[in-house]
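> Next up, structure24.cif (mmCIF, C-alpha atoms).
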data_start
#
loop_
_atom_site.label_atom_id
_atom_site.label_comp_id
_atom_site.auth_asym_id
_atom_site.auth_seq_id
_atom_site.Cartn_x
_atom_site.Cartn_y
_atom_site.Cartn_z
CA MET A 1 0.00 0.00 0.00
CA ASN A 2 1.25 3.49 -0.80
CA GLU A 3 2.38 5.59 2.13
CA PHE A 4 -0.04 8.30 1.04
CA SER A 5 -3.32 6.88 -0.17
CA THR A 6 -4.67 9.97 -1.83
CA GLU A 7 -3.31 12.68 -4.10
CA GLU A 8 -4.35 15.29 -1.53
CA GLU A 9 -2.29 13.58 1.14
CA GLN A 10 0.73 13.44 -1.18
CA VAL A 11 0.43 17.16 -1.97
CA ALA A 12 0.05 17.96 1.71
CA ALA A 13 3.14 15.93 2.53
CA ILE A 14 5.17 17.72 -0.15
CA LYS A 15 4.04 21.12 1.14
CA LYS A 16 4.98 20.15 4.69
CA TRP A 17 8.40 18.90 3.58
CA TRP A 18 9.01 22.11 1.63
CA LYS A 19 7.93 24.20 4.61
CA ASP A 20 10.34 22.30 6.86
CA ASN A 21 13.27 22.03 4.42
CA GLY A 22 12.78 24.52 1.59
CA SER A 23 14.74 27.38 3.15
CA SER A 24 17.81 25.29 3.92
CA LEU A 25 17.68 23.76 0.43
CA LEU A 26 17.60 27.19 -1.20
CA ILE A 27 20.44 28.38 1.01
CA GLY A 28 22.45 25.30 0.06
CA ILE A 29 21.86 25.89 -3.64
CA GLY A 30 22.74 29.56 -3.24
CA VAL A 31 25.99 28.73 -1.46
CA ALA A 32 26.91 26.14 -4.10
CA LEU A 33 26.25 28.62 -6.91
CA ALA A 34 28.22 31.32 -5.12
CA ILE A 35 31.18 28.98 -4.75
CA VAL A 36 31.06 27.93 -8.42
CA PHE A 37 30.72 31.46 -9.79
CA GLY A 38 33.15 32.87 -7.22
CA TRP A 39 35.77 30.31 -8.21
CA LYS A 40 35.28 31.05 -11.90
CA ALA A 41 35.56 34.78 -11.22
CA TYR A 42 38.75 34.18 -9.24
CA GLN A 43 40.22 32.07 -12.06
CA ASN A 44 39.36 34.73 -14.61
CA SER A 45 40.94 37.37 -12.38
CA VAL A 46 44.14 35.34 -12.03
CA ILE A 47 44.32 34.76 -15.79
CA GLN A 48 43.76 38.45 -16.47
CA GLU A 49 46.41 39.47 -13.93
CA LYS A 50 48.95 37.04 -15.37
CA THR A 51 48.22 38.29 -18.86
CA GLN A 52 48.76 41.90 -17.80
CA ALA A 53 51.96 40.99 -15.95
CA SER A 54 53.22 39.04 -18.96
CA GLN A 55 52.54 41.95 -21.30
CA LEU A 56 54.36 44.37 -19.02
CA TYR A 57 57.28 41.95 -18.70
CA ASN A 58 57.48 41.62 -22.48
CA GLN A 59 57.64 45.42 -22.68
CA LEU A 60 60.47 45.32 -20.16
CA ILE A 61 62.40 42.73 -22.19
CA SER A 62 61.82 44.68 -25.39
CA SER A 63 63.05 47.91 -23.81
CA ALA A 64 66.08 46.24 -22.26
CA THR A 65 67.20 44.77 -25.58
CA LYS A 66 66.60 47.77 -27.84
CA THR A 67 69.67 49.29 -29.41
CA ALA A 68 68.02 52.50 -30.59
CA PHE A 69 67.86 54.02 -27.10
CA ASP A 70 70.69 55.97 -25.62
CA GLU A 71 71.90 54.41 -22.38
CA SER A 72 70.19 56.85 -20.02
CA GLU A 73 66.83 56.57 -21.78
CA GLU A 74 67.04 52.79 -21.83
CA ALA A 75 67.91 52.63 -18.14
CA GLN A 76 65.03 54.92 -17.20
CA THR A 77 62.53 52.93 -19.27
CA VAL A 78 63.68 49.57 -17.94
CA THR A 79 63.72 50.80 -14.34
CA TYR A 80 60.22 52.29 -14.71
CA LEU A 81 58.72 49.13 -16.24
CA ALA A 82 60.43 46.92 -13.67
CA GLY A 83 59.13 49.15 -10.89
CA GLU A 84 55.59 48.89 -12.26
CA LEU A 85 55.85 45.11 -12.33
CA LYS A 86 57.00 44.99 -8.73
CA LYS A 87 54.32 47.41 -7.58
CA LYS A 88 51.33 45.97 -9.44
CA PHE A 89 52.17 42.27 -9.45
CA GLU A 90 54.22 41.84 -6.30
CA ASP A 91 53.13 38.24 -5.74
CA SER A 92 54.01 37.06 -9.25
CA GLU A 93 57.18 35.56 -10.65
CA TYR A 94 57.41 38.60 -12.91
CA ALA A 95 58.07 40.80 -9.87
CA ILE A 96 61.08 38.62 -9.08
CA TYR A 97 62.46 39.06 -12.60
CA ALA A 98 61.74 42.79 -12.40
CA ALA A 99 63.72 43.12 -9.17
CA MET A 100 66.64 41.33 -10.79
CA PHE A 101 66.47 43.74 -13.72
CA ILE A 102 66.50 46.71 -11.34
CA ALA A 103 69.50 45.21 -9.54
CA LYS A 104 71.35 44.83 -12.85
CA GLU A 105 70.63 48.42 -13.86
CA SER A 106 71.68 49.59 -10.39
CA VAL A 107 75.03 47.82 -10.65
CA GLU A 108 75.65 49.43 -14.03
CA ALA A 109 74.78 52.79 -12.48
CA LYS A 110 77.20 51.98 -9.62
CA ASP A 111 74.36 52.13 -7.10
CA LEU A 112 75.37 49.01 -5.21
CA THR A 113 73.14 49.80 -2.23
CA LYS A 114 70.06 49.72 -4.46
CA ALA A 115 71.28 46.57 -6.19
CA LYS A 116 71.69 44.78 -2.84
CA GLU A 117 68.25 45.97 -1.73
CA GLU A 118 66.63 44.45 -4.82
CA LEU A 119 68.55 41.19 -4.62
CA ASN A 120 67.74 40.77 -0.94
CA TRP A 121 64.09 41.40 -1.82
CA VAL A 122 64.31 38.57 -4.34
CA LEU A 123 65.74 36.20 -1.73
CA ALA A 124 62.93 37.10 0.67
CA ASN A 125 60.22 36.56 -1.93
CA THR A 126 61.11 33.44 -3.89
CA ASP A 127 61.28 29.74 -3.07
CA ASP A 128 62.83 28.90 -6.43
CA SER A 129 66.19 27.31 -5.64
CA ARG A 130 67.79 28.24 -8.97
CA ILE A 131 66.80 31.89 -8.65
CA GLN A 132 68.09 31.90 -5.06
CA HIS A 133 71.46 30.54 -6.23
CA ILE A 134 71.74 33.07 -9.05
CA THR A 135 70.80 35.89 -6.70
CA LYS A 136 73.31 34.85 -4.05
CA ALA A 137 76.07 34.73 -6.67
CA ARG A 138 75.26 38.29 -7.73
CA LEU A 139 75.09 39.45 -4.13
CA ALA A 140 78.45 37.85 -3.41
CA ARG A 141 80.10 39.73 -6.26
CA ILE A 142 78.61 43.03 -5.05
CA LEU A 143 79.68 42.41 -1.44
CA SER A 144 83.19 41.56 -2.58
CA ALA A 145 83.31 44.74 -4.66
CA GLU A 146 82.55 46.59 -1.42
CA ASN A 147 85.44 44.73 0.27
CA LEU A 148 82.99 42.74 2.37
CA HIS A 149 84.79 39.55 1.41
CA ASP A 150 83.78 37.38 4.38
CA GLU A 151 80.12 38.25 3.87
CA ALA A 152 80.50 37.49 0.17
CA LEU A 153 82.05 34.07 0.81
CA ALA A 154 79.28 33.26 3.27
CA MET A 155 76.76 33.58 0.43
CA LEU A 156 78.51 30.92 -1.65
CA ASN A 157 77.29 27.61 -0.29
CA ALA A 158 75.83 25.78 -3.28
CA THR A 159 73.11 23.25 -2.48
CA ASP A 160 72.47 22.61 -6.18
CA PRO A 161 75.24 20.76 -8.05
CA ASP A 162 74.58 22.89 -11.15
CA PHE A 163 75.98 25.90 -9.30
CA GLU A 164 79.00 24.33 -7.62
CA ALA A 165 81.48 25.28 -10.36
CA SER A 166 80.30 28.87 -10.71
CA TYR A 167 80.32 29.34 -6.92
CA LEU A 168 83.87 27.96 -6.74
CA GLU A 169 84.94 30.33 -9.50
CA ILE A 170 83.50 33.31 -7.63
CA LYS A 171 85.29 32.14 -4.49
CA GLY A 172 88.50 32.04 -6.51
CA ASP A 173 87.87 35.58 -7.75
CA ILE A 174 87.35 36.79 -4.19
CA LYS A 175 90.45 35.02 -2.89
CA GLN A 176 92.55 36.47 -5.69
CA ARG A 177 91.18 39.95 -4.95
CA THR A 178 92.28 39.57 -1.33
CA GLY A 179 95.75 38.43 -2.37
CA ASP A 180 95.32 34.80 -1.33
CA GLU A 181 96.62 33.22 -4.54
CA ALA A 182 96.95 29.71 -3.11
CA ALA A 183 93.28 29.67 -2.12
CA ALA A 184 92.33 31.20 -5.47
CA ILE A 185 94.19 28.48 -7.36
CA GLU A 186 92.56 25.79 -5.25
CA ALA A 187 89.08 27.18 -5.92
CA TYR A 188 89.72 27.58 -9.66
CA LYS A 189 91.16 24.05 -9.93
CA ASN A 190 88.16 22.56 -8.15
CA ALA A 191 85.83 24.50 -10.43
CA PHE A 192 87.78 23.41 -13.52
CA GLU A 193 87.51 19.76 -12.49
CA LEU A 194 83.72 20.12 -12.46
CA VAL A 195 83.53 21.61 -15.97
CA LYS A 196 86.24 19.59 -17.73
CA GLU A 197 83.60 17.79 -19.77
CA SER A 198 81.89 21.05 -20.77
CA PRO A 199 84.21 22.82 -23.25
CA GLN A 200 82.03 25.93 -23.38
CA ALA A 201 82.53 26.49 -19.66
CA GLN A 202 86.32 26.04 -19.64
CA PRO A 203 87.95 29.04 -21.40
CA LEU A 204 87.64 31.74 -18.75
CA LEU A 205 88.65 29.41 -15.95
CA ALA A 206 91.59 28.25 -18.04
CA VAL A 207 92.73 31.86 -18.47
CA LYS A 208 92.41 32.54 -14.74
CA LEU A 209 94.47 29.45 -13.92
CA SER A 210 97.10 30.34 -16.52
CA ASP A 211 97.39 33.84 -15.08
CA LEU A 212 98.25 32.22 -11.75
CA GLY A 213 100.89 29.95 -13.27
CA VAL A 214 98.80 26.78 -13.57
CA ASN A 215 98.59 24.91 -16.87
CA PRO A 216 94.94 23.77 -17.22
CA GLU A 217 96.01 20.96 -19.55
CA THR A 218 97.70 19.25 -16.62
CA LEU A 219 94.46 19.05 -14.64
#
As structure tokens, what does this structure read like?

Amino acid sequence: MNEFSTEEEQVAAIKKWWKDNGSSLLIGIGVALAIVFGWKAYQNSVIQEKTQASQLYNQLISSATKTAFDESEEAQTVTYLAGELKKKFEDSEYAIYAAMFIAKESVEAKDLTKAKEELNWVLANTDDSRIQHITKARLARILSAENLHDEALAMLNATDPDFEASYLEIKGDIKQRTGDEAAAIEAYKNAFELVKESPQAQPLLAVKLSDLGVNPETL
């Protein structure tokens, strides 16, 4: 036998159920729709932001590689675009690249304080190990140029094998600058051993070793 014997009873039961549950059902549907449309709006916003950041970054690259600018105009344009990237898209990878551009321009302008500020900002805002290694190498060179050799050497602890040779070479440069030729030779030799199978990476190291009286062909 049916639970509700008449059509009237069935309608009455539906009305009662709707009265008891209709509000919560509508709220649930509303919440679900809000989540769906909110997520889509968020995705669209992220895509739009990345597109804008990418376009600005492409402008930066284009400006940095133009040969028609005079040096001062190029530097001003690159610095402005990089600053806009950092300001408007601070949480994007493009802001990291922009800061590295600003640091490069600052070094060329001999503003080492600004360069260090930008590179330290990069270190504080990226988890990318390769970018961290590149940034530390650049910081080490700047610190050494300021005669802060111990601080520079402290930056050069490679945790990625791909950077071991370049870090050793920078250590050799620093040791040579401080007059410690024995330590410089040791660092250069260790670096050369790591790149012996990569001919494109050998020439400069070979010259540095030769200048210190070491024949690279014997290594």
> Tell me which of A:Arg141, A:His149, A:Lys208, A:Lys189 sits closest to A:Leu168, counting only C-alpha atoms.
A:Lys189
> How many Å lie between atom CA of A:Phe192 and atom CA of A:Arg138, rounded to one decimal?
20.3 Å
> Using the chain letters and numbers from the file, give me the residues hit by the PyMOL selection byres ((chain A and resi 214) around 12), as number ranges by chain.
A: 181-182, 184-186, 188-189, 192, 205-213, 215-219
> Once you count all atoms listed in the file, which residues end up no further than 12 Å from (59.5, 36.9, -10.5) in the file's frame, shown as a JSON list (two decimals) with C-alpha atoms, keeping the file's coordinate frame?

[["chain", "number", "residue", "atom", "x", "y", "z"],
["A", 50, "LYS", "CA", 48.95, 37.04, -15.37],
["A", 53, "ALA", "CA", 51.96, 40.99, -15.95],
["A", 54, "SER", "CA", 53.22, 39.04, -18.96],
["A", 57, "TYR", "CA", 57.28, 41.95, -18.70],
["A", 82, "ALA", "CA", 60.43, 46.92, -13.67],
["A", 85, "LEU", "CA", 55.85, 45.11, -12.33],
["A", 86, "LYS", "CA", 57.00, 44.99, -8.73],
["A", 89, "PHE", "CA", 52.17, 42.27, -9.45],
["A", 90, "GLU", "CA", 54.22, 41.84, -6.30],
["A", 91, "ASP", "CA", 53.13, 38.24, -5.74],
["A", 92, "SER", "CA", 54.01, 37.06, -9.25],
["A", 93, "GLU", "CA", 57.18, 35.56, -10.65],
["A", 94, "TYR", "CA", 57.41, 38.60, -12.91],
["A", 95, "ALA", "CA", 58.07, 40.80, -9.87],
["A", 96, "ILE", "CA", 61.08, 38.62, -9.08],
["A", 97, "TYR", "CA", 62.46, 39.06, -12.60],
["A", 98, "ALA", "CA", 61.74, 42.79, -12.40],
["A", 99, "ALA", "CA", 63.72, 43.12, -9.17],
["A", 100, "MET", "CA", 66.64, 41.33, -10.79],
["A", 101, "PHE", "CA", 66.47, 43.74, -13.72],
["A", 118, "GLU", "CA", 66.63, 44.45, -4.82],
["A", 119, "LEU", "CA", 68.55, 41.19, -4.62],
["A", 121, "TRP", "CA", 64.09, 41.40, -1.82],
["A", 122, "VAL", "CA", 64.31, 38.57, -4.34],
["A", 123, "LEU", "CA", 65.74, 36.20, -1.73],
["A", 124, "ALA", "CA", 62.93, 37.10, 0.67],
["A", 125, "ASN", "CA", 60.22, 36.56, -1.93],
["A", 126, "THR", "CA", 61.11, 33.44, -3.89],
["A", 127, "ASP", "CA", 61.28, 29.74, -3.07],
["A", 128, "ASP", "CA", 62.83, 28.90, -6.43],
["A", 131, "ILE", "CA", 66.80, 31.89, -8.65],
["A", 132, "GLN", "CA", 68.09, 31.90, -5.06],
["A", 135, "THR", "CA", 70.80, 35.89, -6.70]]
> Report, in Å to a single decimal, how far apart atom CA of A:Lys175 and atom CA of A:Leu148 are.
12.0 Å
> Between atom CA of A:Ile170 and atom CA of A:Lys110, what distance in Å does the model show, to one decimal?
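If I compute the distance from atom CA of A:Ile170 to atom CA of A:Lys110, I get 19.8 Å.
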> Suppose a student applies the PyMOL selection byres ((chain A and resi 155) around 10) to this structure; what residues should they get, written as a list in words?
His133, Thr135, Lys136, Ala137, Arg138, Leu139, Ala140, Arg141, Leu143, Asp150, Glu151, Ala152, Leu153, Ala154, Leu156, Asn157, Ala158, Tyr167 and Lys171 of chain A
> Have a look at A:Gln176, A:Glu84, A:Leu112, A:Glu169 and name the one nearest to A:Ala145; count only C-alpha atoms.
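Among the listed residues, the smallest separation from A:Ala145 belongs to A:Leu112.
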> Quick one: of A:Val78, A:Asp160, A:Asn147, A:Ala103, who's nearest to A:Ser129, counting only C-alpha atoms?
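For A:Ser129, the nearest of the given residues is A:Asp160.
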> Box in all listed atoms of stretch 124-134 of chain A, axis-aligned, with 6 Å more on each side; write out centre and edge lengths in Å to one decimal as AutoDock Vina command-line options.

--center_x 66.0 --center_y 32.2 --center_z -4.2 --size_x 23.5 --size_y 21.8 --size_z 21.7
